[in-house]
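Engineer: Have a look at this one before I ask anything.
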Amino acid sequence: MNAQALVGLLAEPERMRIVASLALDGPQAAASIADRSGVELRAVVDGLDRMCTAGLVEDLGGEFVLLEAAFKLAARQEAPAAPPTSFPDEPGDRRRILDQCLKDGRLVHMPTKRSKRLVLLEELVQRFEPGERYTERQVNASLASVSSDTATLRRYMVDEELLDRADGEYWRCGGPIR
(Lines give C-alpha, C1' and ligand atoms only; values in the text may rest on other atoms or scores of the structure.)
Protein backbone atom coordinates (compact mmCIF):
# COMPACT_ATOMS: atom_id res chain seq x y z
CA MET A 1 0.00 0.00 0.00
CA ASN A 2 1.36 3.41 -0.90
CA ALA A 3 0.88 6.66 1.01
CA GLN A 4 -1.78 7.92 -1.38
CA ALA A 5 -3.91 4.81 -0.84
CA LEU A 6 -3.40 5.05 2.92
CA VAL A 7 -4.46 8.69 3.01
CA GLY A 8 -7.47 7.80 0.86
CA LEU A 9 -8.53 5.16 3.37
CA LEU A 10 -8.22 7.59 6.26
CA ALA A 11 -9.90 10.50 4.47
CA GLU A 12 -13.29 9.64 5.96
CA PRO A 13 -13.70 10.53 9.66
CA GLU A 14 -15.48 7.23 10.40
CA ARG A 15 -12.61 5.14 9.02
CA MET A 16 -10.10 7.28 10.89
CA ARG A 17 -11.97 6.62 14.15
CA ILE A 18 -12.02 2.89 13.37
CA VAL A 19 -8.24 2.91 12.87
CA ALA A 20 -7.81 4.97 16.06
CA SER A 21 -9.85 2.44 18.02
CA LEU A 22 -7.76 -0.45 16.68
CA ALA A 23 -4.51 1.41 17.31
CA LEU A 24 -5.42 2.37 20.88
CA ASP A 25 -7.36 -0.70 22.03
CA GLY A 26 -5.83 -3.50 19.96
CA PRO A 27 -7.68 -6.33 18.17
CA GLN A 28 -11.47 -6.16 18.53
CA ALA A 29 -14.73 -7.32 17.04
CA ALA A 30 -16.72 -4.94 14.83
CA ALA A 31 -19.36 -4.35 17.54
CA SER A 32 -16.68 -3.38 20.05
CA ILE A 33 -15.13 -0.95 17.56
CA ALA A 34 -18.57 0.59 16.98
CA ASP A 35 -19.10 1.05 20.73
CA ARG A 36 -15.65 2.52 21.39
CA SER A 37 -15.42 4.73 18.31
CA GLY A 38 -18.99 6.03 18.23
CA VAL A 39 -19.34 4.94 14.60
CA GLU A 40 -22.50 3.09 13.51
CA LEU A 41 -22.00 -0.67 13.18
CA ARG A 42 -22.88 -0.68 9.45
CA ALA A 43 -20.22 2.00 8.76
CA VAL A 44 -17.70 0.02 10.86
CA VAL A 45 -18.36 -3.17 8.88
CA ASP A 46 -18.06 -1.32 5.56
CA GLY A 47 -14.90 0.47 6.69
CA LEU A 48 -13.30 -2.74 7.98
CA ASP A 49 -14.14 -4.51 4.72
CA ARG A 50 -12.51 -1.75 2.72
CA MET A 51 -9.42 -1.64 4.99
CA CYS A 52 -9.05 -5.44 4.92
CA THR A 53 -9.14 -5.39 1.12
CA ALA A 54 -6.48 -2.65 1.06
CA GLY A 55 -4.22 -4.48 3.53
CA LEU A 56 -4.45 -2.04 6.43
CA VAL A 57 -6.55 -4.30 8.68
CA GLU A 58 -6.66 -8.08 8.99
CA ASP A 59 -9.69 -10.17 10.01
CA LEU A 60 -8.64 -12.84 12.51
CA GLY A 61 -11.88 -14.79 12.73
CA GLY A 62 -14.15 -11.92 13.71
CA GLU A 63 -11.50 -9.89 15.52
CA PHE A 64 -9.86 -7.17 13.52
CA VAL A 65 -6.25 -6.11 13.94
CA LEU A 66 -4.53 -3.02 12.56
CA LEU A 67 -1.47 -3.87 10.45
CA GLU A 68 0.78 -1.09 11.71
CA ALA A 69 3.58 -2.14 9.35
CA ALA A 70 1.46 -0.74 6.50
CA PHE A 71 2.19 2.78 7.79
CA LYS A 72 5.95 2.16 7.76
CA LEU A 73 5.79 0.62 4.31
CA ALA A 74 3.85 3.58 2.91
CA ALA A 75 6.30 6.02 4.50
CA ARG A 76 9.32 4.18 3.06
CA GLN A 77 7.80 4.13 -0.41
CA GLU A 78 7.28 7.89 -0.26
CA ALA A 79 10.74 8.66 1.16
CA PRO A 80 12.76 10.98 -1.06
CA ALA A 81 15.26 9.38 -3.38
CA ALA A 82 18.90 9.42 -2.41
CA PRO A 83 20.53 12.70 -3.33
CA PRO A 84 22.45 12.75 -6.58
CA THR A 85 26.11 11.90 -6.34
CA SER A 86 29.16 13.26 -8.10
CA PHE A 87 30.71 9.79 -7.85
CA PRO A 88 28.23 7.30 -9.37
CA ASP A 89 30.92 4.77 -10.30
CA GLU A 90 32.30 4.48 -6.78
CA PRO A 91 31.20 1.73 -4.38
CA GLY A 92 28.70 2.79 -1.69
CA ASP A 93 31.06 3.57 1.21
CA ARG A 94 33.56 5.45 -0.97
CA ARG A 95 30.75 7.36 -2.70
CA ARG A 96 29.26 8.39 0.66
CA ILE A 97 32.64 9.61 1.95
CA LEU A 98 33.44 11.52 -1.23
CA ASP A 99 29.97 13.10 -1.32
CA GLN A 100 30.42 14.25 2.30
CA CYS A 101 33.86 15.73 1.60
CA LEU A 102 33.44 17.29 -1.83
CA LYS A 103 30.60 19.53 -3.01
CA ASP A 104 30.73 20.84 -6.57
CA GLY A 105 34.38 19.80 -6.72
CA ARG A 106 35.35 21.83 -3.62
CA LEU A 107 36.59 20.40 -0.35
CA VAL A 108 33.98 21.11 2.33
CA HIS A 109 35.14 18.60 4.92
CA MET A 110 38.55 17.06 5.66
CA PRO A 111 37.99 13.75 7.44
CA THR A 112 39.86 13.30 10.69
CA LYS A 113 39.64 9.52 10.51
CA ARG A 114 42.60 8.24 8.49
CA SER A 115 40.66 5.63 6.50
CA LYS A 116 38.14 8.23 5.31
CA ARG A 117 40.85 10.80 4.60
CA LEU A 118 42.67 8.19 2.50
CA VAL A 119 39.54 7.72 0.34
CA LEU A 120 39.51 11.47 -0.33
CA LEU A 121 43.24 11.64 -1.05
CA GLU A 122 43.07 8.64 -3.40
CA GLU A 123 40.42 10.54 -5.37
CA LEU A 124 42.50 13.73 -5.47
CA VAL A 125 45.70 11.96 -6.54
CA GLN A 126 43.91 10.95 -9.76
CA ARG A 127 44.77 14.45 -10.98
CA PHE A 128 48.40 13.38 -11.34
CA GLU A 129 49.69 10.96 -13.99
CA PRO A 130 52.06 8.21 -12.84
CA GLY A 131 55.57 8.74 -14.19
CA GLU A 132 55.18 12.49 -14.72
CA ARG A 133 57.06 15.03 -12.63
CA TYR A 134 55.38 18.20 -11.37
CA THR A 135 56.72 21.37 -9.84
CA GLU A 136 55.26 22.52 -6.54
CA ARG A 137 53.52 25.30 -8.44
CA GLN A 138 51.86 22.75 -10.78
CA VAL A 139 50.73 20.61 -7.84
CA ASN A 140 49.31 23.69 -6.11
CA ALA A 141 47.51 24.77 -9.28
CA SER A 142 45.90 21.35 -9.63
CA LEU A 143 44.81 21.23 -5.98
CA ALA A 144 43.70 24.89 -5.80
CA SER A 145 40.44 24.06 -7.56
CA VAL A 146 39.63 21.79 -4.58
CA SER A 147 40.91 23.84 -1.64
CA SER A 148 42.86 26.98 -0.89
CA ASP A 149 44.91 24.96 1.62
CA THR A 150 47.03 23.20 -0.99
CA ALA A 151 49.94 22.76 1.43
CA THR A 152 47.88 20.52 3.71
CA LEU A 153 46.62 18.42 0.81
CA ARG A 154 50.18 18.06 -0.55
CA ARG A 155 51.51 17.09 2.87
CA TYR A 156 48.78 14.48 3.40
CA MET A 157 49.45 12.98 -0.05
CA VAL A 158 53.17 12.75 0.66
CA ASP A 159 52.56 11.33 4.15
CA GLU A 160 50.25 8.66 2.72
CA GLU A 161 52.81 7.86 -0.02
CA LEU A 162 50.49 8.87 -2.82
CA LEU A 163 52.92 11.57 -3.94
CA ASP A 164 56.67 11.69 -3.42
CA ARG A 165 58.98 14.68 -3.64
CA ALA A 166 62.63 15.55 -4.09
CA ASP A 167 64.52 18.59 -5.35
CA GLY A 168 61.36 20.69 -5.64
CA GLU A 169 59.57 18.12 -7.81
CA TYR A 170 56.61 15.87 -7.05
CA TRP A 171 55.49 12.66 -8.71
CA ARG A 172 52.74 10.19 -8.16
CA CYS A 173 53.92 7.03 -6.44
CA GLY A 174 50.73 5.42 -5.13
CA GLY A 175 46.98 5.17 -5.14
CA PRO A 176 44.69 3.32 -7.51
CA ILE A 177 45.03 4.06 -11.20
CA ARG A 178 41.74 4.74 -13.00
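In the C-alpha coordinates, each chain is lettered A, B, ... as it comes, each chain's residues begin at 1, and ligands are numbered from 1 in order of appearance.
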Taking only stretch 116-167 of chain A into account, list the residues labelled strand (DSSP E) by DSSP (computed from the backbone), as an mmCIF file with N, CA and C atoms, in the first residue's frame.
Structural biologist:
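File written: part.cif
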```
data_model
loop_
_atom_site.group_PDB
_atom_site.id
_atom_site.type_symbol
_atom_site.label_atom_id
_atom_site.label_comp_id
_atom_site.auth_asym_id
_atom_site.auth_seq_id
_atom_site.Cartn_x
_atom_site.Cartn_y
_atom_site.Cartn_z
ATOM 1 N N ARG A 133 56.529 14.213 -13.724
ATOM 2 C CA ARG A 133 57.056 15.035 -12.627
ATOM 3 C C ARG A 133 56.378 16.403 -12.681
ATOM 4 N N TYR A 134 56.098 16.929 -11.487
ATOM 5 C CA TYR A 134 55.380 18.196 -11.366
ATOM 6 C C TYR A 134 56.156 19.116 -10.435
ATOM 7 N N THR A 135 56.151 20.392 -10.768
ATOM 8 C CA THR A 135 56.719 21.370 -9.842
ATOM 9 C C THR A 135 55.710 21.605 -8.725
ATOM 10 N N LEU A 163 51.964 10.736 -3.216
ATOM 11 C CA LEU A 163 52.921 11.575 -3.945
ATOM 12 C C LEU A 163 54.262 11.466 -3.231
ATOM 13 N N ASP A 164 55.336 11.618 -4.013
ATOM 14 C CA ASP A 164 56.673 11.693 -3.424
ATOM 15 C C ASP A 164 57.296 12.985 -3.916
ATOM 16 N N ARG A 165 58.360 13.419 -3.242
ATOM 17 C CA ARG A 165 58.981 14.678 -3.642
ATOM 18 C C ARG A 165 60.488 14.608 -3.407
ATOM 19 N N ALA A 166 61.180 15.367 -4.240
ATOM 20 C CA ALA A 166 62.628 15.546 -4.089
ATOM 21 C C ALA A 166 63.040 16.684 -5.006
#
```
Engineer: Please provide as a PyMOL selection string all residues within 10 Å of A:Gly131, with the sequence filter that same-chain residues fewer than 2 positions apart are discarded (counting only C-alpha atoms).
Structural biologist: chain A and resi 128-129+133-134+171-173
Engineer: With a distance cut-off of 7 Å and only C-alpha atoms, select the neighbouring residues of stretch 145-149 of chain A, excluding the residue or stretch itself and same-chain residues fewer than 4 positions from it, and output the selection as a list in words.
Structural biologist: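 The filter keeps Gly105, Arg106, Leu107 and Leu153 of chain A.
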Engineer: Would you save the residues of that selection, restricted to N, CA and C atoms, as a CSV table (one decimal), in the first residue's frame?
Structural biologist:
```
chain,number,residue,atom,x,y,z
A,105,GLY,N,32.9,19.9,-6.5
A,105,GLY,CA,34.4,19.8,-6.7
A,105,GLY,C,35.2,20.5,-5.7
A,106,ARG,N,34.6,21.1,-4.7
A,106,ARG,CA,35.3,21.8,-3.6
A,106,ARG,C,35.3,21.0,-2.3
A,107,LEU,N,36.5,21.1,-1.6
A,107,LEU,CA,36.6,20.4,-0.3
A,107,LEU,C,35.8,21.2,0.7
A,153,LEU,N,46.9,19.5,1.7
A,153,LEU,CA,46.6,18.4,0.8
A,153,LEU,C,47.9,17.8,0.3
```
Engineer: Would you mind listing what lies within 12 Å of stretch 83-91 of chain A as a count of residues only, with only C-alpha atoms counted and same-chain residues fewer than 3 positions away left out?
Structural biologist: 19
Engineer: What's around A:Gly38 at 12 Å? Count only C-alpha atoms, leave out sequence neighbours fewer than 6 positions away in its own chain, and write the answer as a list in words.
Structural biologist: Pro13, Glu14, Arg15, Met16, Arg17, Ile18, Ala20, Ser21, Ala30, Ala31, Ser32 and Val44 of chain A
Engineer: For those residues, write N, CA and C atoms to a file as a CSV table (one decimal), in the first residue's frame.
Structural biologist:
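Produced file result.csv, reproduced below:
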```
chain,number,residue,atom,x,y,z
A,13,PRO,N,-13.8,10.5,8.2
A,13,PRO,CA,-13.7,10.5,9.7
A,13,PRO,C,-14.1,9.2,10.3
A,14,GLU,N,-15.1,8.5,9.8
A,14,GLU,CA,-15.5,7.2,10.4
A,14,GLU,C,-14.4,6.2,10.3
A,15,ARG,N,-13.7,6.1,9.2
A,15,ARG,CA,-12.6,5.1,9.0
A,15,ARG,C,-11.4,5.5,9.9
A,16,MET,N,-11.2,6.8,10.0
A,16,MET,CA,-10.1,7.3,10.9
A,16,MET,C,-10.4,6.9,12.3
A,17,ARG,N,-11.6,7.0,12.8
A,17,ARG,CA,-12.0,6.6,14.2
A,17,ARG,C,-11.9,5.1,14.3
A,18,ILE,N,-12.2,4.3,13.3
A,18,ILE,CA,-12.0,2.9,13.4
A,18,ILE,C,-10.5,2.5,13.6
A,20,ALA,N,-8.2,4.5,14.7
A,20,ALA,CA,-7.8,5.0,16.1
A,20,ALA,C,-8.2,4.0,17.1
A,21,SER,N,-9.4,3.4,17.0
A,21,SER,CA,-9.9,2.4,18.0
A,21,SER,C,-9.0,1.2,18.0
A,30,ALA,N,-16.1,-6.1,15.4
A,30,ALA,CA,-16.7,-4.9,14.8
A,30,ALA,C,-17.6,-4.2,15.8
A,31,ALA,N,-18.4,-5.0,16.6
A,31,ALA,CA,-19.4,-4.4,17.5
A,31,ALA,C,-18.6,-3.6,18.6
A,32,SER,N,-17.5,-4.1,19.1
A,32,SER,CA,-16.7,-3.4,20.1
A,32,SER,C,-16.1,-2.1,19.5
A,44,VAL,N,-18.9,0.7,10.4
A,44,VAL,CA,-17.7,0.0,10.9
A,44,VAL,C,-17.4,-1.2,10.0
```
Engineer: Based on the backbone DSSP call, show me all residues of stretch 15-120 of chain A assigned alpha helix (DSSP H), as a PyMOL selection string.
Structural biologist: chain A and resi 15-25+30-37+41-54+69-78+92-101+114-120
Engineer: Mind giving me the straight-line distance from atom CA of A:Gln77 to atom CA of A:Leu24 in Å, one decimal?
Structural biologist: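 Between atom CA of A:Gln77 and atom CA of A:Leu24 the gap works out to 25.1 Å.
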Engineer: Between atom CA of A:Asp93 and atom CA of A:Ala69, what is the distance, to one decimal in Å?
Structural biologist: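 If I compute the distance from atom CA of A:Asp93 to atom CA of A:Ala69, I get 29.2 Å.
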Engineer: Excluding same-chain residues fewer than 4 positions from A:Gln126, what lies within 10 Å of it counting only C-alpha atoms, as a list in words?
Structural biologist: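 The contact residues come out as Leu121, Glu122, Pro130, Leu162, Arg172, Gly174, Gly175, Pro176, Ile177 and Arg178 of chain A.
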